[in-house]
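K.L.:
Contents of coords09.cif (mmCIF, C-alpha atoms and all ligand atoms):
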data_run
loop_
_atom_site.label_atom_id
_atom_site.label_comp_id
_atom_site.auth_asym_id
_atom_site.auth_seq_id
_atom_site.Cartn_x
_atom_site.Cartn_y
_atom_site.Cartn_z
CA MET L 77 28.92 65.12 57.62
CA SER L 78 27.10 68.42 57.12
CA ARG L 79 23.36 68.27 56.62
CA ILE L 80 21.57 70.03 53.77
CA ALA L 81 18.06 71.49 53.85
CA TYR L 82 15.81 72.68 51.02
CA VAL L 83 14.24 76.10 51.64
CA ASN L 84 12.09 77.83 49.01
CA GLY L 85 14.05 76.73 45.96
CA ARG L 86 17.54 76.47 47.46
CA TYR L 87 19.61 73.71 49.03
CA LEU L 88 21.44 75.19 52.01
CA PRO L 89 23.70 73.98 54.82
CA HIS L 90 21.42 73.09 57.72
CA GLY L 91 22.89 75.77 59.99
CA ALA L 92 22.19 78.50 57.41
CA ALA L 93 18.68 77.30 56.48
CA SER L 94 15.97 79.58 57.88
CA VAL L 95 12.55 81.06 57.22
CA HIS L 96 11.43 84.69 57.46
CA VAL L 97 10.27 86.08 60.82
CA GLU L 98 6.87 86.79 59.24
CA ASP L 99 6.42 83.30 57.86
CA ARG L 100 2.84 82.39 58.78
CA GLY L 101 4.00 78.97 59.88
CA TYR L 102 6.21 80.64 62.47
CA GLN L 103 3.63 83.21 63.58
CA PHE L 104 0.30 81.35 63.33
CA ALA L 105 1.25 77.67 62.93
CA ASP L 106 -0.51 78.22 59.58
CA GLY L 107 0.88 75.25 57.69
CA VAL L 108 1.06 71.51 57.28
CA TYR L 109 3.74 68.83 57.28
CA GLU L 110 4.58 65.22 56.50
CA VAL L 111 7.20 62.79 57.79
CA ILE L 112 8.09 60.01 55.35
CA ALA L 113 10.26 56.99 56.10
CA VAL L 114 13.14 56.23 53.74
CA ARG L 115 14.46 52.67 53.44
CA GLY L 116 17.23 51.75 51.05
CA GLY L 117 16.81 55.23 49.57
CA VAL L 118 13.12 54.56 48.74
CA LEU L 119 10.25 56.63 50.19
CA ILE L 120 7.91 54.24 51.98
CA ASP L 121 4.29 54.77 50.89
CA GLY L 122 5.38 58.04 49.32
CA ASP L 123 2.19 58.28 47.22
CA TRP L 124 -0.03 58.01 50.29
CA HIS L 125 1.98 60.68 52.11
CA MET L 126 1.70 62.91 49.03
CA GLY L 127 -2.07 62.34 48.94
CA ARG L 128 -2.42 63.22 52.63
CA LEU L 129 -0.25 66.33 52.16
CA GLN L 130 -2.46 67.51 49.29
CA ARG L 131 -5.58 66.86 51.36
CA SER L 132 -4.21 68.76 54.39
CA LEU L 133 -3.34 71.72 52.15
CA SER L 134 -6.70 71.71 50.45
CA GLU L 135 -8.62 71.57 53.77
CA LEU L 136 -6.75 74.73 54.81
CA GLN L 137 -7.05 76.36 51.36
CA ILE L 138 -3.28 76.55 50.95
CA ARG L 139 -2.31 75.92 47.36
CA MET L 140 0.05 73.13 46.42
CA PRO L 141 3.28 75.07 45.71
CA MET L 142 4.34 72.74 42.89
CA SER L 143 3.36 69.44 41.31
CA PRO L 144 3.69 66.18 43.27
CA ALA L 145 6.33 65.09 40.73
CA ALA L 146 8.40 68.23 41.40
CA LEU L 147 8.08 67.72 45.16
CA ASN L 148 9.20 64.12 44.78
CA VAL L 149 12.31 65.30 42.95
CA ILE L 150 13.10 67.59 45.91
CA PHE L 151 12.53 64.73 48.40
CA ARG L 152 14.92 62.47 46.52
CA GLU L 153 17.49 65.20 46.01
CA THR L 154 17.42 66.15 49.70
CA VAL L 155 17.94 62.49 50.66
CA ARG L 156 20.78 62.21 48.13
CA ARG L 157 22.52 65.36 49.39
CA ASN L 158 22.30 64.13 52.97
CA ARG L 159 23.88 60.84 51.91
CA PHE L 160 21.86 58.23 53.75
CA LYS L 161 19.73 55.24 52.81
CA ASP L 162 17.62 54.72 55.95
CA GLY L 163 16.02 57.69 57.65
CA ILE L 164 13.23 60.22 57.26
CA VAL L 165 12.22 63.13 55.04
CA TYR L 166 10.34 66.03 56.63
CA ILE L 167 8.35 68.52 54.56
CA GLN L 168 6.64 71.61 55.87
CA ILE L 169 4.52 73.94 53.78
CA SER L 170 3.23 77.17 55.31
CA ARG L 171 0.84 79.71 53.82
CA GLY L 172 3.85 81.92 53.16
CA VAL L 173 5.37 85.22 54.29
CA ALA L 174 3.13 88.26 54.82
CA ARG L 175 2.64 91.12 57.27
CA ARG L 176 1.09 89.72 60.43
CA ASP L 177 -2.68 89.70 60.04
CA HIS L 178 -4.92 86.74 60.86
CA PRO L 179 -6.99 86.38 57.64
CA PHE L 180 -5.36 84.83 54.58
CA PRO L 181 -2.85 87.11 52.82
CA ASN L 182 -3.24 88.18 49.22
CA PRO L 183 -3.41 85.14 46.92
CA GLU L 184 -0.12 86.05 45.24
CA VAL L 185 1.77 85.16 48.42
CA ARG L 186 3.59 81.94 47.68
CA PRO L 187 3.46 79.05 50.16
CA ALA L 188 6.84 78.50 51.84
CA VAL L 189 8.42 75.08 51.47
CA VAL L 190 11.04 73.49 53.72
CA VAL L 191 12.37 69.96 53.28
CA THR L 192 14.87 68.33 55.61
CA ALA L 193 16.12 64.76 55.71
CA ARG L 194 18.22 62.76 58.11
CA ARG L 195 19.46 59.32 58.86
CA THR L 196 17.64 57.55 61.71
CA PRO L 197 19.06 54.72 63.81
CA PRO L 198 17.27 51.35 63.80
CA GLN L 199 14.61 50.97 66.49
CA SER L 200 16.15 50.13 69.86
CA ALA L 201 16.41 46.40 70.65
CA LYS L 202 15.09 47.10 74.17
CA VAL L 203 11.91 48.71 72.80
CA ILE L 204 11.38 45.82 70.37
CA GLU L 205 11.93 43.15 73.03
CA GLU L 206 10.26 44.80 76.02
CA GLY L 207 7.65 47.14 74.53
CA ILE L 208 6.84 50.54 75.99
CA ALA L 209 4.63 52.16 78.63
CA VAL L 210 2.03 54.80 77.77
CA ILE L 211 0.26 57.22 80.06
CA THR L 212 -3.14 58.75 79.35
CA GLN L 213 -4.11 62.39 79.07
CA PRO L 214 -7.35 64.23 78.27
CA ASP L 215 -7.58 65.05 74.54
CA ILE L 216 -7.71 68.85 74.49
CA ARG L 217 -7.13 69.27 70.73
CA TRP L 218 -9.34 70.91 68.09
CA GLU L 219 -11.92 69.09 65.97
CA ARG L 220 -9.78 68.78 62.82
CA CYS L 221 -7.09 66.35 63.95
CA ASP L 222 -7.42 64.74 60.50
CA ILE L 223 -5.38 67.64 59.11
CA LYS L 224 -1.64 67.18 59.59
CA ALA L 225 -1.18 70.76 60.76
CA ILE L 226 2.04 72.07 62.28
CA ALA L 227 -0.01 73.39 65.23
CA LEU L 228 1.10 70.69 67.69
CA LEU L 229 1.04 72.38 71.09
CA PRO L 230 -1.37 69.90 72.77
CA ASN L 231 0.70 67.04 71.33
CA VAL L 232 3.89 68.64 72.68
CA LEU L 233 2.32 68.92 76.15
CA VAL L 234 1.11 65.30 76.31
CA LYS L 235 4.43 63.95 75.01
CA GLN L 236 6.25 65.99 77.66
CA ALA L 237 3.89 64.65 80.36
CA ALA L 238 4.70 61.12 79.15
CA ARG L 239 8.43 61.78 79.35
CA GLU L 240 8.14 63.23 82.86
CA GLN L 241 6.30 60.08 83.96
CA GLY L 242 8.85 57.72 82.47
CA ALA L 243 6.65 56.74 79.51
CA VAL L 244 7.23 57.04 75.79
CA GLU L 245 3.79 58.06 74.58
CA ALA L 246 0.54 59.48 75.91
CA TRP L 247 -2.78 58.09 74.71
CA GLN L 248 -5.30 60.90 74.52
CA VAL L 249 -8.79 60.19 75.81
CA ASP L 250 -11.92 62.03 74.62
CA GLY L 251 -14.74 63.35 76.83
CA ASP L 252 -16.63 60.02 76.57
CA GLY L 253 -13.71 57.95 77.85
CA PHE L 254 -12.61 56.67 74.42
CA VAL L 255 -8.98 56.66 73.30
CA THR L 256 -8.38 58.88 70.27
CA GLU L 257 -4.67 58.45 69.49
CA GLY L 258 -1.19 59.09 70.87
CA GLY L 259 0.64 62.42 70.79
CA SER L 260 2.38 61.33 67.58
CA THR L 261 1.10 57.79 66.94
CA ASN L 262 -2.11 55.84 66.29
CA ALA L 263 -3.42 53.58 69.08
CA TRP L 264 -4.47 49.95 68.71
CA ILE L 265 -5.61 47.06 70.89
CA ILE L 266 -6.15 43.36 70.25
CA ASN L 267 -9.27 42.01 71.92
CA ALA L 268 -10.08 38.59 73.35
CA ASP L 269 -11.25 37.37 69.90
CA GLY L 270 -7.83 38.28 68.45
CA HIS L 271 -9.34 41.15 66.43
CA LEU L 272 -7.36 44.33 65.86
CA VAL L 273 -9.26 47.37 67.10
CA THR L 274 -8.38 50.94 66.18
CA ARG L 275 -10.31 54.19 66.07
CA PRO L 276 -12.00 54.86 62.72
CA VAL L 277 -10.70 57.60 60.49
CA GLU L 278 -12.70 60.73 61.19
CA ASN L 279 -11.80 64.19 62.43
CA ALA L 280 -10.68 63.01 65.89
CA ILE L 281 -7.50 61.33 64.64
CA LEU L 282 -4.84 61.61 61.98
CA ASN L 283 -5.29 59.07 59.19
CA GLY L 284 -1.88 57.51 59.87
CA ILE L 285 -0.12 56.10 56.84
CA THR L 286 1.39 53.30 58.96
CA ARG L 287 -2.10 52.57 60.35
CA ARG L 288 -3.50 52.42 56.83
CA ARG L 289 -0.69 50.16 55.61
CA LEU L 290 -0.98 47.85 58.61
CA ILE L 291 -4.74 47.47 58.11
CA ALA L 292 -4.09 46.40 54.51
CA LEU L 293 -1.33 43.98 55.57
CA ALA L 294 -3.39 42.52 58.43
CA LYS L 295 -6.45 41.97 56.24
CA SER L 296 -4.39 40.35 53.51
CA HIS L 297 -3.13 37.91 56.15
CA GLY L 298 -6.66 37.00 57.23
CA LEU L 299 -6.74 39.06 60.43
CA LYS L 300 -9.96 40.79 61.43
CA VAL L 301 -9.77 44.57 61.88
CA GLU L 302 -12.48 46.49 63.72
CA GLU L 303 -12.33 50.22 63.04
CA ARG L 304 -14.31 51.51 66.01
CA PRO L 305 -13.66 53.62 69.09
CA PHE L 306 -12.42 51.69 72.14
CA SER L 307 -12.61 52.93 75.72
CA LEU L 308 -9.67 53.33 78.06
CA GLU L 309 -11.26 50.61 80.20
CA GLU L 310 -11.34 48.22 77.24
CA ALA L 311 -7.71 49.08 76.43
CA LYS L 312 -6.57 48.30 79.97
CA SER L 313 -8.15 44.86 79.83
CA ALA L 314 -7.06 44.14 76.22
CA ARG L 315 -5.06 41.06 75.32
CA GLU L 316 -2.42 43.17 73.56
CA ALA L 317 -1.86 46.79 72.62
CA PHE L 318 0.45 48.63 70.28
CA LEU L 319 0.97 51.89 68.44
CA THR L 320 1.97 52.80 64.91
CA SER L 321 3.71 55.69 63.18
CA THR L 322 6.28 56.41 60.50
CA THR L 323 9.05 56.65 63.10
CA SER L 324 7.75 54.18 65.76
CA LEU L 325 6.71 51.60 63.11
CA VAL L 326 4.72 48.98 65.08
CA THR L 327 5.63 49.18 68.77
CA ALA L 328 4.16 47.00 71.52
CA VAL L 329 2.49 48.76 74.46
CA VAL L 330 2.83 46.71 77.65
CA LYS L 331 1.59 49.20 80.27
CA ILE L 332 -1.16 51.83 80.25
CA ASP L 333 -0.91 54.18 83.24
CA ASP L 334 -0.44 51.74 86.16
CA THR L 335 -2.05 48.77 84.41
CA VAL L 336 0.30 46.10 83.10
CA LEU L 337 -1.21 44.37 80.05
CA ALA L 338 -1.35 40.58 79.94
CA ASN L 339 2.07 39.35 81.15
CA GLY L 340 3.83 42.67 80.61
CA ARG L 341 5.63 41.47 77.46
CA PRO L 342 4.91 42.27 73.80
CA GLY L 343 2.08 39.97 72.68
CA SER L 344 2.56 37.36 69.95
CA LYS L 345 0.14 39.02 67.50
CA THR L 346 1.87 42.38 67.93
CA VAL L 347 5.25 40.76 67.31
CA ALA L 348 3.86 39.14 64.14
CA LEU L 349 2.29 42.41 62.93
CA ARG L 350 5.55 44.24 63.51
CA GLN L 351 7.32 41.63 61.40
CA LEU L 352 4.73 42.01 58.63
CA TYR L 353 5.39 45.73 58.57
CA MET L 354 9.18 45.33 58.65
CA ASP L 355 8.98 42.83 55.77
CA PHE L 356 6.79 45.22 53.81
CA MET L 357 9.37 48.01 54.27
CA SER L 358 12.24 45.74 53.20
CA GLU L 359 10.33 44.56 50.13
CA THR L 360 9.48 48.16 49.19
CA ALA L 361 13.13 49.15 49.60
CA ILE L 362 14.11 46.43 47.13
CA SER L 363 11.31 46.82 44.59
CA GLY L 364 11.07 50.61 44.83
CA ALA L 365 7.29 50.25 44.55
CA THR L 366 5.11 52.94 46.08
CA SER L 367 1.78 52.67 47.84
CA GLN L 368 -0.04 49.89 46.00
CA VAL L 369 -2.18 47.81 48.32
C1 LIG A 401 -1.14 62.77 66.03
C2 LIG A 401 -0.56 61.69 65.17
N1 LIG A 401 -1.26 60.56 65.00
C3 LIG A 401 -0.78 59.54 64.26
C4 LIG A 401 0.46 59.64 63.64
C5 LIG A 401 0.96 58.49 62.80
O1 LIG A 401 0.89 58.80 61.43
P1 LIG A 401 1.88 58.15 60.37
O2 LIG A 401 1.69 56.66 60.48
O3 LIG A 401 1.40 58.69 59.07
O4 LIG A 401 3.27 58.55 60.74
C6 LIG A 401 1.21 60.81 63.77
C7 LIG A 401 2.51 60.92 63.11
O5 LIG A 401 3.17 61.92 63.19
C8 LIG A 401 0.68 61.87 64.55
O6 LIG A 401 1.37 63.01 64.73
#
Can you dump the structure from the file as structure tokens?

P.N.:
Amino acid sequence: MSRIAYVNGRYLPHGAASVHVEDRGYQFADGVYEVIAVRGGVLIDGDWHMGRLQRSLSELQIRMPMSPAALNVIFRETVRRNRFKDGIVYIQISRGVARRDHPFPNPEVRPAVVVTARRTPPQSAKVIEEGIAVITQPDIRWERCDIKAIALLPNVLVKQAAREQGAVEAWQVDGDGFVTEGGSTNAWIINADGHLVTRPVENAILNGITRRRLIALAKSHGLKVEERPFSLEEAKSAREAFLTSTTSLVTAVVKIDDTVLANGRPGSKTVALRQLYMDFMSETAISGATSQV
């Protein structure tokens, strides 16, 4: 089945969808993006993704190209035209097309909008049952990792390093020996008291929507969540570890570099948290509700 993409007001066959060579996203990585999960045709936590998109744009002084309601119509229409129920929507907004010059172009230049959507397969049974290995890498990124910018070169490099070493993700470690986050996921551990520990939301990490949702779900089930930095040393001696993202959901981490965690199998709390998140997605798919805690 042919895929359809939305580009600046038009729905086009994927192969014919393109942006201008002087799009500032292409030339300067001057833009932002979101990836939103779709289950049963419903956007999961769509309101929170919209809020984060607006924040990213505003931090970079790129204007919102249209209302959230209009963008939502495009999301739903792109999903409909690609004829799937379970998958992802991708939106990218750049500062627009202008002659190459670093400072912002004239304010009349319209931001460029691209939306794509595709079906995604269910998470692999092997990953669910066995968990994954992560490697660690120095965090060489800038100081505004809270902005979901399309400038992802350091993330590309750490993810490639992970792949070359037979791992799925790389946990980035700051200059003080504390884990920030993965190349495309948030990092979590469970300590000896059974508390969930994850880095607080500040400029060093992306405020993951899955992270935010899981904190709400965990708290509502009586689990203690500590939002504080944790060191690589603490992670390697943790009872359990896992990562979260829109596409990885809640995935157990069973090995960090050469250290096997606990018995090398997904821990029971991680398995339970994953189930909480899966149930939340299924319930949202049925009720169509968005983003209420
Ligand atoms: C660097 C980084 N951290 C965390 C996440 C997880 O965020 P979310 O749960 O909103 O997908 C992502 C997702 O792309 C990411 O790129």

K.L.:
Residues at most 7 Å from segment 117-124 of chain L, counting all atoms listed in the file, excluding those fewer than 3 positions away in the same chain, as a list in words?

P.N.:
Ile112, Ala113, Val114, Gly127, Arg128, Lys161, Asp162, Ile285, Met357, Thr360, Ala361, Gly364, Thr366 and Ser367 of chain L

K.L.:
For Leu308 of chain L, which residue among L:Val173, L:Ile362, L:Val108, L:Val255 is the nearest when counting only C-alpha atoms?

P.N.:
L:Val255

K.L.:
Give me the residues within 10 Å of Phe104 of chain L as a list in words, counting all atoms listed in the file and dropping any in the same chain fewer than 6 places off.

P.N.:
Glu98, Ser170, Arg171, Arg176, Asp177, His178, Ile226 and Ala227 of chain L

K.L.:
Could you state the separation of atom CA of Val111 of chain L and atom CA of Ser324 of chain L in Å, given to one decimal place?

P.N.:
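Interatomic distance, atom CA of Val111 of chain L to atom CA of Ser324 of chain L: 11.7 Å.
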
K.L.:
Show me which residues are within 8 Å of ligand LIG 401 (chain A) counting all atoms listed in the file, and format the list as JSON, numbers by chain.

P.N.:
{"L": [110, 111, 112, 125, 221, 224, 231, 257, 258, 259, 260, 261, 262, 281, 282, 283, 284, 285, 286, 287, 288, 320, 321, 322, 323, 325]}

K.L.:
Using all atoms listed in the file, find the one residue out of L:Ala243, L:Val329, L:Ala238, L:Leu233 that sits nearest to Ala263 of chain L.

P.N.:
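Among L:Ala243, L:Val329, L:Ala238, L:Leu233, it is L:Val329 that comes nearest to Ala263 of chain L.
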
K.L.:
For each of L:Arg115, L:Leu272, L:Val189, L:Leu133, take the minimum atom-to-atom distance to Met354 of chain L, counting all atoms listed in the file, then give the residue where this is smallest.

P.N.:
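Looking only at the distances to Met354 of chain L, the closest residue turns out to be L:Arg115.
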
K.L.:
With distances taken over all atoms listed in the file, which residue among L:Phe180, L:Tyr82, L:Tyr166, L:Phe160 lies nearest Asp106 of chain L?

P.N.:
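Checking each candidate against Asp106 of chain L, we get L:Phe180 as the closest.
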
K.L.:
Would you kindly return, as a VMD selection string, each protein, DNA or RNA residue with an atom no farther than 12 Å from any atom of Thr327 of chain L, considering only C-alpha atoms and excluding same-chain residues fewer than 4 positions away?

P.N.:
chain L and resid 199 to 210 244 to 245 261 to 265 286 to 287 316 to 323 341 to 343 345 to 351 353 to 354

K.L.:
I'd like the contact shell of Trp218 of chain L - 10 Å cut-off, all atoms listed in the file, skipping same-chain residues fewer than 6 positions apart - returned as a ChimeraX atom specification.

P.N.:
/L:230,279-280

K.L.:
Looking at L:Arg194, L:Arg217, L:Arg139, L:His297, which one is nearest to Val165 of chain L, with distances taken over all atoms listed in the file?

P.N.:
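Closest to Val165 of chain L of all the choices is L:Arg194.
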
K.L.:
Interatomic distance between atom CA of Arg100 of chain L and atom CA of Pro181 of chain L?

P.N.:
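Result for atom CA of Arg100 of chain L versus atom CA of Pro181 of chain L: 9.5 Å, one decimal.
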
K.L.:
So, with all atoms listed in the file as the atoms that count, which of L:Asn148, L:Asn158, L:Thr196, L:Ser143 lies closest to Ser78 of chain L?

P.N.:
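Of L:Asn148, L:Asn158, L:Thr196, L:Ser143, the one nearest Ser78 of chain L, counting all atoms listed in the file, is L:Asn158.
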
K.L.:
Give me, as a tab-separated table, each residue of segment 190-305 of chain L that comes within 8 Å of segment 151-157 of chain L, together with its shortest interatomic pair and the distance in Å at one decimal, counting all atoms listed in the file, with rows ordered by chain and rising residue number.

P.N.:
residue	atom	partner	partner_atom	distance
L:Val191	CA	L:Phe151	CA	7.2
L:Thr192	CA	L:Thr154	CA	6.8
L:Ala193	CA	L:Val155	CA	5.8
L:Arg194	CA	L:Val155	CA	7.5

K.L.:
Around all of segment 227-240 of chain L's listed atoms, make the axis-aligned box with 8 Å on each side and tell me centre and edge lengths in Å to one decimal, as lines of an AutoDock Vina configuration file.

P.N.:
center_x = 3.5
center_y = 67.3
center_z = 74.0
size_x = 25.8
size_y = 28.3
size_z = 33.6

K.L.:
Quick one: pull the distance between atom CA of Ala225 of chain L and atom CA of Pro141 of chain L, Å, one decimal.

P.N.:
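Separation of atom CA of Ala225 of chain L and atom CA of Pro141 of chain L: 16.3 Å.
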
K.L.:
Which polymer residues have any atom within 8 Å of an atom of segment 89-92 of chain L, counting only C-alpha atoms, with same-chain residues fewer than 6 positions away left out, as number ranges by chain?

P.N.:
L: 78-81

K.L.:
Generate the missing atoms of segment 118-133 of chain L up to N, CA and C atoms and report them as a CSV table (one decimal), in the frame of the given file.

P.N.:
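Output (selection06.csv):
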chain,number,residue,atom,x,y,z
L,118,VAL,N,14.5,54.5,49.3
L,118,VAL,CA,13.1,54.6,48.7
L,118,VAL,C,12.2,55.2,49.8
L,119,LEU,N,11.3,56.0,49.3
L,119,LEU,CA,10.2,56.6,50.2
L,119,LEU,C,9.1,55.6,50.4
L,120,ILE,N,8.9,55.3,51.7
L,120,ILE,CA,7.9,54.2,52.0
L,120,ILE,C,6.5,54.9,51.9
L,121,ASP,N,5.7,54.3,51.1
L,121,ASP,CA,4.3,54.8,50.9
L,121,ASP,C,4.3,56.3,50.6
L,122,GLY,N,5.3,56.6,49.7
L,122,GLY,CA,5.4,58.0,49.3
L,122,GLY,C,4.1,58.6,48.7
L,123,ASP,N,3.4,57.8,47.9
L,123,ASP,CA,2.2,58.3,47.2
L,123,ASP,C,1.1,58.6,48.2
L,124,TRP,N,1.0,57.8,49.3
L,124,TRP,CA,0.0,58.0,50.3
L,124,TRP,C,0.3,59.3,51.1
L,125,HIS,N,1.6,59.5,51.4
L,125,HIS,CA,2.0,60.7,52.1
L,125,HIS,C,1.7,61.9,51.2
L,126,MET,N,2.0,61.8,49.9
L,126,MET,CA,1.7,62.9,49.0
L,126,MET,C,0.2,63.2,49.0
L,127,GLY,N,-0.6,62.2,49.0
L,127,GLY,CA,-2.1,62.3,48.9
L,127,GLY,C,-2.6,63.0,50.2
L,128,ARG,N,-2.0,62.6,51.4
L,128,ARG,CA,-2.4,63.2,52.6
L,128,ARG,C,-2.0,64.7,52.7
L,129,LEU,N,-0.8,64.9,52.2
L,129,LEU,CA,-0.2,66.3,52.2
L,129,LEU,C,-1.2,67.2,51.3
L,130,GLN,N,-1.6,66.7,50.2
L,130,GLN,CA,-2.5,67.5,49.3
L,130,GLN,C,-3.8,67.8,50.0
L,131,ARG,N,-4.3,66.7,50.7
L,131,ARG,CA,-5.6,66.9,51.4
L,131,ARG,C,-5.5,67.9,52.5
L,132,SER,N,-4.4,67.8,53.3
L,132,SER,CA,-4.2,68.8,54.4
L,132,SER,C,-4.2,70.2,53.8
L,133,LEU,N,-3.4,70.4,52.7
L,133,LEU,CA,-3.3,71.7,52.2
L,133,LEU,C,-4.7,72.2,51.7
